[in-house]
file final13.txt (compact mmCIF, C-alpha atoms)
# COMPACT_ATOMS: atom_id res chain seq x y z
CA MET A 2 -4.90 10.47 30.98
CA LEU A 3 -7.94 10.23 28.72
CA GLN A 4 -9.83 13.41 27.96
CA SER A 5 -13.31 13.78 26.57
CA PRO A 6 -13.64 15.57 23.22
CA ALA A 7 -15.29 18.54 24.94
CA ALA A 8 -12.31 18.91 27.26
CA LEU A 9 -10.05 19.01 24.21
CA THR A 10 -11.91 21.58 22.12
CA ALA A 11 -11.41 24.45 24.60
CA PRO A 12 -7.59 24.29 24.55
CA LEU A 13 -7.59 23.76 20.79
CA MET A 14 -9.74 26.89 20.32
CA ALA A 15 -7.31 28.83 22.51
CA VAL A 16 -4.35 27.49 20.53
CA ARG A 17 -5.98 28.50 17.25
CA LEU A 18 -6.66 31.98 18.59
CA LEU A 19 -3.07 32.32 19.76
CA ILE A 20 -1.68 31.31 16.36
CA THR A 21 -4.04 33.77 14.62
CA ARG A 22 -2.89 36.55 16.92
CA ASP A 23 0.81 35.83 16.42
CA LEU A 24 0.44 35.78 12.63
CA MET A 25 -1.49 39.05 12.80
CA LEU A 26 1.21 40.66 14.96
CA ALA A 27 3.97 39.42 12.67
CA PHE A 28 2.36 40.97 9.62
CA ARG A 29 1.79 44.29 11.41
CA ARG A 30 5.44 44.35 12.39
CA PRO A 31 7.35 42.39 9.75
CA GLU A 32 10.93 43.00 11.01
CA GLN A 33 10.91 39.87 13.12
CA LEU A 34 9.77 37.92 10.10
CA LEU A 35 12.44 39.37 7.81
CA HIS A 36 15.51 39.44 10.08
CA PRO A 37 16.19 35.67 10.20
CA LEU A 38 15.50 35.44 6.49
CA ALA A 39 17.94 38.25 5.72
CA PHE A 40 20.55 36.63 7.98
CA PHE A 41 20.14 33.32 6.16
CA VAL A 42 20.55 34.94 2.75
CA LEU A 43 23.60 36.93 3.89
CA VAL A 44 25.46 33.96 5.37
CA THR A 45 24.91 31.72 2.35
CA THR A 46 25.86 34.53 -0.02
CA LEU A 47 29.10 35.08 1.90
CA PHE A 48 30.01 31.46 1.24
CA VAL A 49 29.33 31.87 -2.45
CA VAL A 50 31.57 34.94 -2.51
CA SER A 51 34.41 33.56 -0.39
CA GLU A 52 34.68 30.03 -1.77
CA SER A 53 36.18 29.19 -5.13
CA PRO A 54 33.65 29.91 -7.84
CA GLU A 55 33.83 26.37 -9.19
CA ARG A 56 30.36 24.91 -9.10
CA ALA A 57 31.64 21.46 -8.13
CA THR A 58 33.31 22.79 -4.95
CA LEU A 59 30.30 24.87 -3.99
CA ARG A 60 27.93 21.99 -4.56
CA LEU A 61 30.08 19.81 -2.30
CA ILE A 62 29.72 22.17 0.66
CA ALA A 63 26.14 23.22 -0.13
CA PRO A 64 24.29 20.94 2.36
CA GLY A 65 26.51 22.00 5.25
CA VAL A 66 26.32 25.69 4.41
CA LEU A 67 22.54 25.63 3.98
CA TRP A 68 21.99 23.83 7.23
CA VAL A 69 24.38 25.79 9.40
CA ALA A 70 22.96 29.06 8.05
CA ALA A 71 19.35 27.92 8.51
CA LEU A 72 20.08 26.65 12.02
CA LEU A 73 21.73 29.90 13.10
CA ALA A 74 18.97 31.98 11.54
CA ALA A 75 16.30 29.96 13.32
CA LEU A 76 18.26 30.21 16.57
CA LEU A 77 18.43 33.98 16.19
CA ALA A 78 14.64 34.12 15.99
CA LEU A 79 14.13 31.77 18.95
CA ASP A 80 15.26 34.45 21.37
CA PHE A 81 12.04 36.36 20.58
CA LEU A 82 9.76 33.35 21.00
CA PHE A 83 8.42 34.29 24.46
CA ARG A 84 10.27 37.55 25.16
CA ASP A 85 7.63 40.01 23.91
CA ASP A 86 4.87 38.17 25.74
CA ALA A 87 6.91 38.12 28.93
CA GLN A 88 7.56 41.87 28.71
CA ASP A 89 4.00 43.04 28.09
CA GLY A 90 2.49 40.66 30.63
CA THR A 91 0.54 38.46 28.22
CA LEU A 92 2.60 35.42 29.26
CA GLU A 93 1.23 35.88 32.78
CA GLN A 94 -2.28 35.94 31.38
CA TYR A 95 -1.69 32.64 29.54
CA ALA A 96 -0.69 31.07 32.84
CA LEU A 97 -3.88 32.41 34.45
CA SER A 98 -6.26 31.77 31.55
CA GLY A 99 -7.56 28.52 32.98
CA GLN A 100 -6.28 26.73 29.87
CA SER A 101 -3.36 24.37 29.98
CA LEU A 102 -0.15 26.38 29.62
CA THR A 103 1.41 23.41 27.82
CA TRP A 104 -1.15 23.64 25.02
CA LEU A 105 -0.80 27.40 24.73
CA LEU A 106 2.99 27.20 24.44
CA LEU A 107 2.56 24.48 21.83
CA GLY A 108 0.50 27.02 19.88
CA LYS A 109 3.12 29.75 20.35
CA THR A 110 5.84 27.41 19.10
CA ALA A 111 3.79 26.29 16.11
CA ALA A 112 3.20 29.94 15.16
CA HIS A 113 6.93 30.58 15.52
CA TRP A 114 7.67 27.75 13.08
CA LEU A 115 5.13 29.11 10.59
CA LEU A 116 6.82 32.51 10.80
CA THR A 117 10.49 31.45 10.67
CA GLY A 118 10.82 27.78 9.68
CA VAL A 119 8.49 27.90 6.70
CA PRO A 120 9.97 31.09 5.16
CA LEU A 121 13.49 29.66 5.65
CA ALA A 122 12.43 26.41 3.97
CA LEU A 123 10.96 28.32 1.04
CA MET A 124 14.14 30.40 0.68
CA ALA A 125 16.54 27.43 1.01
CA PRO A 126 16.21 26.06 -2.56
CA LEU A 127 16.88 29.54 -3.92
CA MET A 128 20.09 29.86 -1.92
CA GLY A 129 20.89 26.27 -2.87
CA TYR A 130 20.66 27.35 -6.48
CA ALA A 131 23.26 30.04 -5.78
CA LEU A 132 25.49 27.28 -4.39
CA GLY A 133 25.16 25.29 -7.60
CA VAL A 134 22.52 22.84 -6.47
CA PRO A 135 20.31 21.56 -9.30
CA ALA A 136 16.69 22.70 -9.29
CA SER A 137 15.57 19.07 -9.16
CA ALA A 138 16.60 18.96 -5.49
CA SER A 139 14.32 21.88 -4.52
CA VAL A 140 11.48 19.86 -3.06
CA GLY A 141 13.86 17.71 -1.05
CA ILE A 142 15.67 20.73 0.38
CA MET A 143 12.42 22.46 1.27
CA LEU A 144 11.01 19.42 3.05
CA THR A 145 14.16 18.69 5.04
CA VAL A 146 14.67 22.29 6.15
CA ALA A 147 10.99 22.67 7.12
CA LEU A 148 11.05 19.48 9.19
CA GLY A 149 14.40 20.32 10.80
CA CYS A 150 13.20 23.82 11.74
CA LEU A 151 10.07 22.35 13.28
CA ALA A 152 12.16 20.14 15.55
CA LEU A 153 14.43 23.08 16.36
CA SER A 154 11.46 25.30 17.25
CA PHE A 155 10.18 22.76 19.75
CA ILE A 156 13.56 21.98 21.30
CA GLY A 157 14.37 25.69 21.27
CA SER A 158 11.16 26.55 23.12
CA ILE A 159 12.67 24.95 26.24
CA GLY A 160 15.77 27.11 25.93
CA ALA A 161 13.75 30.25 25.18
CA ALA A 162 11.63 29.66 28.28
CA LEU A 163 14.66 28.92 30.48
CA THR A 164 16.52 32.06 29.40
CA LEU A 165 13.55 34.41 29.95
CA GLY A 166 15.02 35.52 33.25
CA ALA A 167 18.44 36.29 31.77
CA ARG A 168 19.03 39.86 30.67
CA ARG A 169 20.99 38.91 27.55
CA GLY A 170 19.52 35.53 26.81
CA GLY A 171 20.64 35.18 23.18
CA VAL A 172 24.11 33.70 23.65
CA LEU A 173 23.04 31.56 26.60
CA LEU A 174 20.20 30.22 24.49
CA SER A 175 22.62 29.19 21.72
CA ILE A 176 24.90 27.45 24.20
CA LEU A 177 21.95 25.56 25.67
CA ILE A 178 20.32 24.57 22.41
CA LEU A 179 23.14 23.93 19.92
CA PRO A 180 24.26 20.62 21.50
CA LEU A 181 20.65 19.41 21.44
CA ALA A 182 20.30 20.58 17.86
CA ALA A 183 23.32 18.55 16.66
CA PRO A 184 21.23 15.49 15.65
CA ILE A 185 18.94 17.74 13.60
CA LEU A 186 21.97 19.15 11.81
CA ILE A 187 23.43 15.69 11.16
CA PHE A 188 20.30 14.07 9.75
CA GLY A 189 19.15 17.24 8.03
CA SER A 190 22.35 17.86 6.12
CA GLN A 191 22.56 14.17 5.26
CA ALA A 192 19.04 14.22 3.84
CA THR A 193 19.81 17.38 1.88
CA GLU A 194 22.99 15.87 0.51
CA LEU A 195 21.11 12.78 -0.67
CA ALA A 196 18.45 15.01 -2.24
CA ILE A 197 21.10 17.01 -4.09
CA ARG A 198 22.68 13.82 -5.45
CA GLY A 199 19.23 12.76 -6.61
CA GLU A 200 19.08 9.75 -4.30
CA ARG A 201 16.32 8.64 -1.94
CA TYR A 202 16.44 10.72 1.24
CA LEU A 203 13.62 9.03 3.13
CA ALA A 204 15.77 7.34 5.80
CA PRO A 205 17.30 10.50 7.35
CA MET A 206 13.91 12.22 6.92
CA GLU A 207 12.32 9.52 9.05
CA LEU A 208 14.89 10.09 11.75
CA LEU A 209 14.18 13.83 11.59
CA GLY A 210 10.50 12.99 11.90
CA ALA A 211 11.23 10.91 14.99
CA ILE A 212 13.02 13.89 16.56
CA VAL A 213 10.02 16.09 15.73
CA VAL A 214 7.61 13.66 17.40
CA LEU A 215 9.80 13.36 20.48
CA SER A 216 10.27 17.12 20.87
CA PHE A 217 6.62 17.86 20.04
CA THR A 218 5.44 15.64 22.88
CA LEU A 219 8.00 16.58 25.54
CA ALA A 220 9.22 20.12 24.87
CA PRO A 221 5.96 22.04 25.57
CA LEU A 222 5.73 20.35 28.99
CA ALA A 223 9.26 21.42 29.87
CA ALA A 224 8.74 24.91 28.43
CA ALA A 225 5.56 25.37 30.49
CA ALA A 226 7.42 24.41 33.66
CA ALA A 227 10.23 26.85 32.81
CA VAL A 228 7.76 29.66 32.03
CA ARG A 229 6.06 29.19 35.39
CA ILE A 230 9.41 29.60 37.11
CA SER A 231 10.20 32.73 35.09
CA LEU A 232 6.92 34.38 36.14
CA GLU A 233 7.92 34.46 39.83
CA MET B 28 -21.68 33.07 41.66
CA SER B 29 -22.93 33.90 45.12
CA GLY B 30 -21.68 31.70 47.88
CA SER B 31 -18.16 31.65 46.49
CA ILE B 32 -15.50 31.95 49.13
CA LEU B 33 -11.74 32.40 49.12
CA ASN B 34 -9.64 31.49 52.14
CA ALA B 35 -5.95 31.61 52.74
CA GLU B 36 -4.20 30.12 55.73
CA ASN B 37 -0.84 31.00 57.15
CA LEU B 38 0.84 32.26 53.94
CA HIS B 39 4.61 32.62 54.11
CA LEU B 40 6.85 33.80 51.33
CA TRP B 41 10.52 34.73 51.24
CA ARG B 42 12.26 36.93 48.68
CA ALA B 43 15.95 36.04 48.97
CA GLU B 44 16.71 37.10 52.58
CA ARG B 45 13.50 39.05 53.09
CA HIS B 46 10.46 37.55 54.78
CA VAL B 47 7.72 39.26 52.72
CA LEU B 48 4.53 37.45 53.71
CA LYS B 49 4.57 36.57 57.39
CA GLY B 50 1.75 34.20 58.13
CA ILE B 51 -1.15 35.90 56.35
CA ASN B 52 -4.68 34.63 56.96
CA LEU B 53 -7.63 35.95 55.03
CA THR B 54 -11.21 35.15 54.09
CA VAL B 55 -13.28 36.83 51.40
CA ASN B 56 -16.94 35.93 50.96
CA GLY B 57 -19.17 36.49 47.95
CA GLY B 58 -20.16 40.16 47.74
CA GLU B 59 -17.10 41.40 49.63
CA LEU B 60 -14.13 43.52 48.69
CA LEU B 61 -10.87 43.06 50.56
CA GLN B 62 -8.65 46.14 50.35
CA LEU B 63 -4.96 45.44 50.84
CA THR B 64 -3.21 48.47 52.25
CA GLY B 65 0.32 49.08 53.41
CA ALA B 66 3.43 51.03 52.54
CA ASN B 67 5.40 50.51 49.34
CA GLY B 68 7.21 47.21 49.56
CA ALA B 69 4.86 45.82 52.19
CA GLY B 70 4.04 42.90 49.89
CA LYS B 71 0.64 43.83 48.45
CA THR B 72 1.53 42.81 44.90
CA THR B 73 3.36 39.73 46.14
CA LEU B 74 0.28 38.63 48.10
CA LEU B 75 -1.99 39.07 45.07
CA ARG B 76 0.42 37.12 42.85
CA ALA B 77 0.82 34.42 45.48
CA LEU B 78 -2.95 34.04 45.79
CA CYS B 79 -3.37 33.38 42.09
CA GLY B 80 -0.34 31.10 41.98
CA LEU B 81 2.13 33.26 40.01
CA ASN B 82 4.44 33.48 43.01
CA HIS B 83 5.36 30.31 44.81
CA LEU B 84 4.40 30.11 48.48
CA GLU B 85 6.90 28.62 50.89
CA GLU B 86 4.17 27.71 53.31
CA GLY B 87 0.42 28.00 53.62
CA ARG B 88 -2.58 27.05 51.55
CA VAL B 89 -5.19 28.84 49.47
CA PHE B 90 -8.73 27.50 49.24
CA TRP B 91 -11.31 28.38 46.60
CA ASN B 92 -14.79 27.28 47.66
CA ARG B 93 -13.12 25.20 50.40
CA ARG B 94 -10.97 23.23 47.95
CA ASP B 95 -7.21 23.58 47.94
CA VAL B 96 -6.43 25.44 44.69
CA ARG B 97 -3.51 23.14 43.96
CA GLU B 98 -5.97 20.30 43.42
CA ASP B 99 -7.52 22.09 40.45
CA ARG B 100 -5.27 24.96 39.40
CA GLU B 101 -6.88 25.46 36.00
CA GLY B 102 -10.39 25.43 37.46
CA PHE B 103 -9.36 28.12 39.95
CA HIS B 104 -7.74 30.22 37.24
CA ALA B 105 -10.89 29.96 35.12
CA ALA B 106 -12.75 31.61 38.02
CA LEU B 107 -10.43 34.61 38.41
CA VAL B 108 -8.99 37.58 36.57
CA TYR B 109 -5.74 39.16 37.71
CA LEU B 110 -4.96 42.68 36.59
CA GLY B 111 -1.43 43.78 37.38
CA HIS B 112 0.38 47.15 37.30
CA GLU B 113 0.64 47.21 33.53
CA PRO B 114 -2.37 46.24 31.43
CA PRO B 115 -1.30 43.14 29.45
CA LEU B 116 -2.02 44.61 26.02
CA LYS B 117 -0.18 44.19 22.71
CA PRO B 118 0.82 47.66 21.48
CA ASP B 119 0.38 46.74 17.81
CA LEU B 120 -3.20 45.53 18.17
CA SER B 121 -6.26 47.67 18.82
CA GLY B 122 -8.04 47.51 22.16
CA ALA B 123 -10.88 45.47 20.69
CA GLU B 124 -8.45 43.01 19.09
CA ASN B 125 -6.53 42.67 22.33
CA LEU B 126 -9.75 41.85 24.16
CA ARG B 127 -10.77 39.37 21.49
CA PHE B 128 -7.59 37.35 22.04
CA TRP B 129 -7.24 37.89 25.79
CA THR B 130 -10.83 36.99 26.69
CA GLY B 131 -11.18 34.55 23.82
CA MET B 132 -8.68 32.29 25.51
CA ARG B 133 -11.18 31.83 28.35
CA ARG B 134 -14.49 31.79 26.52
CA SER B 135 -15.82 32.82 23.14
CA VAL B 136 -16.98 36.43 22.98
CA SER B 137 -18.79 38.22 20.19
CA ARG B 138 -17.67 41.49 18.64
CA THR B 139 -20.77 43.25 19.96
CA ALA B 140 -20.06 42.05 23.51
CA ILE B 141 -16.54 43.46 23.23
CA HIS B 142 -17.85 46.75 21.88
CA GLU B 143 -20.44 47.02 24.67
CA ALA B 144 -17.82 46.33 27.33
CA LEU B 145 -15.55 49.01 25.84
CA VAL B 146 -18.43 51.50 25.83
CA THR B 147 -19.22 50.67 29.46
CA THR B 148 -15.66 51.45 30.55
CA GLY B 149 -15.61 54.64 28.52
CA ALA B 150 -13.24 53.23 25.91
CA GLY B 151 -15.77 53.04 23.09
CA GLU B 152 -14.23 55.90 21.15
CA PHE B 153 -10.63 54.69 21.14
CA GLY B 154 -11.25 50.95 21.29
CA THR B 155 -10.36 50.46 17.64
CA ARG B 156 -7.09 52.43 17.76
CA ALA B 157 -3.75 50.67 18.14
CA VAL B 158 -2.93 50.42 21.85
CA ARG B 159 0.49 51.93 21.06
CA THR B 160 -1.24 55.28 20.45
CA LEU B 161 -3.27 55.29 23.69
CA SER B 162 -2.44 57.06 26.94
CA ALA B 163 -1.83 55.06 30.12
CA GLY B 164 -5.31 55.90 31.43
CA GLN B 165 -6.94 54.86 28.16
CA ARG B 166 -5.07 51.56 28.27
CA ARG B 167 -6.32 51.01 31.80
CA ARG B 168 -9.91 51.53 30.60
CA VAL B 169 -9.41 48.93 27.86
CA ALA B 170 -8.09 46.51 30.47
CA LEU B 171 -11.11 47.15 32.70
CA ALA B 172 -13.32 45.99 29.83
CA ALA B 173 -11.55 42.63 30.07
CA LEU B 174 -12.78 42.32 33.65
CA LEU B 175 -16.36 42.66 32.47
CA LEU B 176 -15.94 40.31 29.52
CA ALA B 177 -14.33 37.54 31.55
CA ALA B 178 -17.49 37.29 33.69
CA VAL B 179 -15.75 35.50 36.55
CA PRO B 180 -16.49 35.63 40.31
CA LEU B 181 -13.03 36.63 41.56
CA TRP B 182 -11.19 39.85 40.67
CA LEU B 183 -7.61 40.35 41.82
CA LEU B 184 -6.65 43.96 41.18
CA ASP B 185 -3.30 45.63 41.67
CA GLU B 186 -3.76 49.39 42.02
CA PRO B 187 -6.82 49.39 39.73
CA THR B 188 -7.21 53.17 39.67
CA THR B 189 -3.63 53.96 38.62
CA ASN B 190 -3.57 56.52 35.79
CA LEU B 191 -7.34 56.95 35.86
CA ASP B 192 -8.89 60.44 36.00
CA SER B 193 -11.60 61.23 38.56
CA ASP B 194 -14.29 59.96 36.17
CA GLY B 195 -12.33 56.76 35.81
CA GLN B 196 -12.04 56.33 39.57
CA GLU B 197 -15.79 56.66 39.88
CA LEU B 198 -16.22 54.17 37.06
CA MET B 199 -13.97 51.67 38.88
CA ALA B 200 -16.11 52.06 42.01
CA THR B 201 -19.31 51.57 39.99
CA LEU B 202 -17.94 48.46 38.29
CA LEU B 203 -16.84 47.03 41.63
CA ASP B 204 -20.20 47.81 43.22
CA ALA B 205 -22.04 45.98 40.45
CA HIS B 206 -19.62 43.05 40.66
CA LEU B 207 -20.04 42.73 44.44
CA ALA B 208 -23.83 43.18 44.24
CA SER B 209 -24.01 40.20 41.90
CA GLY B 210 -22.17 38.09 44.47
CA GLY B 211 -18.64 38.51 43.11
CA LEU B 212 -15.49 38.77 45.20
CA ALA B 213 -12.62 41.19 44.81
CA ILE B 214 -9.24 41.72 46.36
CA ALA B 215 -7.56 45.00 45.52
CA ALA B 216 -4.19 46.40 46.47
CA VAL B 217 -4.81 50.12 46.95
CA HIS B 218 -3.13 53.32 48.09
CA HIS B 219 -6.32 55.36 47.98
CA ARG B 220 -9.35 53.63 49.36
CA LEU B 221 -12.05 52.99 46.82
CA ALA B 222 -15.44 54.65 47.30
CA ILE B 223 -17.46 51.49 47.94
CA GLU B 224 -20.31 50.99 50.38
CA PRO B 225 -18.41 50.37 53.66
CA ALA B 226 -20.53 47.36 54.63
CA ARG B 227 -19.03 45.43 51.72
CA VAL B 228 -15.43 46.37 52.36
CA ARG B 229 -12.85 44.84 54.65
CA GLU B 230 -9.28 45.87 55.01
CA LEU B 231 -6.04 44.01 55.47
CA ASN B 232 -3.10 46.16 56.41
CA LEU B 233 0.27 44.65 55.54
CA LEU B 234 3.21 45.75 57.62
CA ALA B 235 6.54 46.24 55.94
call {"tool": "encode", "arguments": {"input": "final13.txt", "output": "structure tokens"}}
result
Amino acid sequence: MLQSPAALTAPLMAVRLLITRDLMLAFRRPEQLLHPLAFFVLVTTLFVVSESPERATLRLIAPGVLWVAALLAALLALDFLFRDDAQDGTLEQYALSGQSLTWLLLGKTAAHWLLTGVPLALMAPLMGYALGVPASASVGIMLTVALGCLALSFIGSIGAALTLGARRGGVLLSILILPLAAPILIFGSQATELAIRGERYLAPMELLGAIVVLSFTLAPLAAAAAVRISLE
Amino acid sequence: MSGSILNAENLHLWRAERHVLKGINLTVNGGELLQLTGANGAGKTTLLRALCGLNHLEEGRVFWNRRDVREDREGFHAALVYLGHEPPLKPDLSGAENLRFWTGMRRSVSRTAIHEALVTTGAGEFGTRAVRTLSAGQRRRVALAALLLAAVPLWLLDEPTTNLDSDGQELMATLLDAHLASGGLAIAAVHHRLAIEPARVRELNLLA
């Protein structure tokens, strides 16, 4: 369906406003921002403590550890994606705002990535350093984790919307989303491994990018449908 | 705004085994208030939510200006404001900030317009305090400002005077009067009838 530019600016304004509001809320109440980050740091540190202190061994497992920890941390945060809005009734108001709910949820998910995915990506090279990864791989690690978290945020938005009705949605959400997140984990850790070895990591990055595009286009539609059901 | 009309035909809705809405028909013209009365659990809230599309109807159709609302859901939503039991406000934002984001999603509003609306609903003094620190009645006044800012023809109100003091109840009546006089429509679920000019008011009693 083709839309005129005027028909597009209204939802884009609403999306911008929504992202501004979520960033503002996150900085007024920073726990939700810090919890996933703290979890990520804890899990990776535990590996450093429990594995043999040889740098070669640590470096070998570094991509897997970084990715599993980042994935679980991001998953932890996903449970809160729509929950607050559902509880205080703002989610209802999105559905009645006269704007497309799909666009608004796209905005919510983008804000969620800015608040969890980006901080995790910035922290990842630091934790990589603790696992014996050379500093030269920092940019590669940051890019792959940021892209992977973006895909996970979008795919996870479907799960977060579907589990809104469940009283304890967290575990259910993980069970729903982890199988779908497996390709992100595979390509992401592969890209990170190539980056650590100093090789070109463009090929797995492109596949990650493809997952992002696919989830970006389809997930908000599915999430909007699930949110409408949860409002009943 | 005048000349707007809302019709509903033969609305049926089931909640699990319970038949909540049993063939409801209603018409509200511009300038009219429809008061929904009935005992607790009679389905007043359900009817309001079904009219705006939050609850799914098993049967029946809703028309806005003689067009089935399912043909243009977003256009219908742009013409209405629904205010439920709890004002949809973020506790960590101030009243004015809440209104900026809530109303801003519909149309752009200036800071002065928000301030004026808050003053009109008697929330001018506490409009800049975090909603977390406000009493239930004060929150309700902030939410009423959203009704004014939205500037839409159709108000759907669920117990609009809950938590309001006697001044607040009068204010609600004044706001409604002005809204109806300008050709707006309103449907309100109420326990205590609102003090509105009787010629403008009709009543629908739901039986449990």
call {"tool": "interface_residues", "arguments": {"input": "final13.txt", "of": "chain A", "to": "chain B", "cutoff": "10 Å", "atoms": "all atoms listed in the file", "output": "CSV table (one decimal) with C-alpha atoms, in the frame of the given file"}}
result
chain,number,residue,atom,x,y,z
A,11,ALA,CA,-11.4,24.4,24.6
A,12,PRO,CA,-7.6,24.3,24.6
A,13,LEU,CA,-7.6,23.8,20.8
A,14,MET,CA,-9.7,26.9,20.3
A,15,ALA,CA,-7.3,28.8,22.5
A,16,VAL,CA,-4.4,27.5,20.5
A,17,ARG,CA,-6.0,28.5,17.2
A,18,LEU,CA,-6.7,32.0,18.6
A,19,LEU,CA,-3.1,32.3,19.8
A,21,THR,CA,-4.0,33.8,14.6
A,22,ARG,CA,-2.9,36.6,16.9
A,25,MET,CA,-1.5,39.0,12.8
A,26,LEU,CA,1.2,40.7,15.0
A,27,ALA,CA,4.0,39.4,12.7
A,29,ARG,CA,1.8,44.3,11.4
A,30,ARG,CA,5.4,44.4,12.4
A,85,ASP,CA,7.6,40.0,23.9
A,86,ASP,CA,4.9,38.2,25.7
A,87,ALA,CA,6.9,38.1,28.9
A,88,GLN,CA,7.6,41.9,28.7
A,89,ASP,CA,4.0,43.0,28.1
A,90,GLY,CA,2.5,40.7,30.6
A,91,THR,CA,0.5,38.5,28.2
A,92,LEU,CA,2.6,35.4,29.3
A,93,GLU,CA,1.2,35.9,32.8
A,94,GLN,CA,-2.3,35.9,31.4
A,95,TYR,CA,-1.7,32.6,29.5
A,96,ALA,CA,-0.7,31.1,32.8
A,97,LEU,CA,-3.9,32.4,34.4
A,98,SER,CA,-6.3,31.8,31.6
A,99,GLY,CA,-7.6,28.5,33.0
A,100,GLN,CA,-6.3,26.7,29.9
A,101,SER,CA,-3.4,24.4,30.0
A,102,LEU,CA,-0.2,26.4,29.6
A,105,LEU,CA,-0.8,27.4,24.7
A,229,ARG,CA,6.1,29.2,35.4
A,230,ILE,CA,9.4,29.6,37.1
A,231,SER,CA,10.2,32.7,35.1
A,232,LEU,CA,6.9,34.4,36.1
A,233,GLU,CA,7.9,34.5,39.8
call {"tool": "atom_distance", "arguments": {"input": "final13.txt", "atom1": "CA of Trp41 in chain B", "atom2": "CA of Val228 in chain A"}}
result
20.1 Å
call {"tool": "closest_residue", "arguments": {"input": "final13.txt", "among": "B:Leu233, B:Ile141, B:Leu191, B:Ala66", "to": "Ser162 in chain B", "atoms": "only C-alpha atoms"}}
result
B:Leu191
call {"tool": "residues_around", "arguments": {"input": "final13.txt", "residues": "Leu181 in chain B", "least_positions_apart": "4", "cutoff": "12 Å", "atoms": "only C-alpha atoms", "output": "PDB file with C-alpha atoms, keeping the file's coordinate frame"}}
result
ATOM      1  CA  MET B  28     -21.680  33.070  41.660  1.00  0.00           C
ATOM      2  CA  SER B  29     -22.930  33.900  45.120  1.00  0.00           C
ATOM      3  CA  GLY B  30     -21.680  31.700  47.880  1.00  0.00           C
ATOM      4  CA  SER B  31     -18.160  31.650  46.490  1.00  0.00           C
ATOM      5  CA  ILE B  32     -15.500  31.950  49.130  1.00  0.00           C
ATOM      6  CA  LEU B  33     -11.740  32.400  49.120  1.00  0.00           C
ATOM      7  CA  VAL B  55     -13.280  36.830  51.400  1.00  0.00           C
ATOM      8  CA  ASN B  56     -16.940  35.930  50.960  1.00  0.00           C
ATOM      9  CA  GLY B  57     -19.170  36.490  47.950  1.00  0.00           C
ATOM     10  CA  GLY B  58     -20.160  40.160  47.740  1.00  0.00           C
ATOM     11  CA  GLU B  59     -17.100  41.400  49.630  1.00  0.00           C
ATOM     12  CA  LEU B  60     -14.130  43.520  48.690  1.00  0.00           C
ATOM     13  CA  LEU B  61     -10.870  43.060  50.560  1.00  0.00           C
ATOM     14  CA  LEU B  75      -1.990  39.070  45.070  1.00  0.00           C
ATOM     15  CA  LEU B  78      -2.950  34.040  45.790  1.00  0.00           C
ATOM     16  CA  CYS B  79      -3.370  33.380  42.090  1.00  0.00           C
ATOM     17  CA  TRP B  91     -11.310  28.380  46.600  1.00  0.00           C
ATOM     18  CA  ASN B  92     -14.790  27.280  47.660  1.00  0.00           C
ATOM     19  CA  PHE B 103      -9.360  28.120  39.950  1.00  0.00           C
ATOM     20  CA  HIS B 104      -7.740  30.220  37.240  1.00  0.00           C
ATOM     21  CA  ALA B 105     -10.890  29.960  35.120  1.00  0.00           C
ATOM     22  CA  ALA B 106     -12.750  31.610  38.020  1.00  0.00           C
ATOM     23  CA  LEU B 107     -10.430  34.610  38.410  1.00  0.00           C
ATOM     24  CA  VAL B 108      -8.990  37.580  36.570  1.00  0.00           C
ATOM     25  CA  TYR B 109      -5.740  39.160  37.710  1.00  0.00           C
ATOM     26  CA  LEU B 110      -4.960  42.680  36.590  1.00  0.00           C
ATOM     27  CA  LEU B 174     -12.780  42.320  33.650  1.00  0.00           C
ATOM     28  CA  LEU B 175     -16.360  42.660  32.470  1.00  0.00           C
ATOM     29  CA  ALA B 177     -14.330  37.540  31.550  1.00  0.00           C
ATOM     30  CA  LEU B 203     -16.840  47.030  41.630  1.00  0.00           C
ATOM     31  CA  HIS B 206     -19.620  43.050  40.660  1.00  0.00           C
ATOM     32  CA  LEU B 207     -20.040  42.730  44.440  1.00  0.00           C
ATOM     33  CA  SER B 209     -24.010  40.200  41.900  1.00  0.00           C
ATOM     34  CA  GLY B 210     -22.170  38.090  44.470  1.00  0.00           C
ATOM     35  CA  GLY B 211     -18.640  38.510  43.110  1.00  0.00           C
ATOM     36  CA  LEU B 212     -15.490  38.770  45.200  1.00  0.00           C
ATOM     37  CA  ALA B 213     -12.620  41.190  44.810  1.00  0.00           C
ATOM     38  CA  ILE B 214      -9.240  41.720  46.360  1.00  0.00           C
ATOM     39  CA  ALA B 215      -7.560  45.000  45.520  1.00  0.00           C
TER      40      ALA B 215
END
call {"tool": "closest_residue", "arguments": {"input": "final13.txt", "among": "B:Gly65, B:Leu202, B:Glu197, B:Arg88", "to": "Ala144 in chain B", "atoms": "all atoms listed in the file"}}
result
B:Leu202
call {"tool": "residues_around", "arguments": {"input": "final13.txt", "residues": "Gln33 in chain A", "least_positions_apart": "5", "cutoff": "12 Å", "atoms": "only C-alpha atoms", "output": "compact mmCIF listing (two decimals) with C-alpha atoms, in the frame of the given file"}}
result
# COMPACT_ATOMS: atom_id res chain seq x y z
CA ASP A 23 0.81 35.83 16.42
CA LEU A 24 0.44 35.78 12.63
CA LEU A 26 1.21 40.66 14.96
CA ALA A 27 3.97 39.42 12.67
CA PHE A 28 2.36 40.97 9.62
CA LEU A 38 15.50 35.44 6.49
CA ALA A 39 17.94 38.25 5.72
CA PHE A 40 20.55 36.63 7.98
CA ALA A 74 18.97 31.98 11.54
CA ALA A 75 16.30 29.96 13.32
CA LEU A 77 18.43 33.98 16.19
CA ALA A 78 14.64 34.12 15.99
CA LEU A 79 14.13 31.77 18.95
CA ASP A 80 15.26 34.45 21.37
CA PHE A 81 12.04 36.36 20.58
CA LEU A 82 9.76 33.35 21.00
CA ASP A 85 7.63 40.01 23.91
CA HIS A 113 6.93 30.58 15.52
CA LEU A 116 6.82 32.51 10.80
CA THR A 117 10.49 31.45 10.67
CA PRO A 120 9.97 31.09 5.16
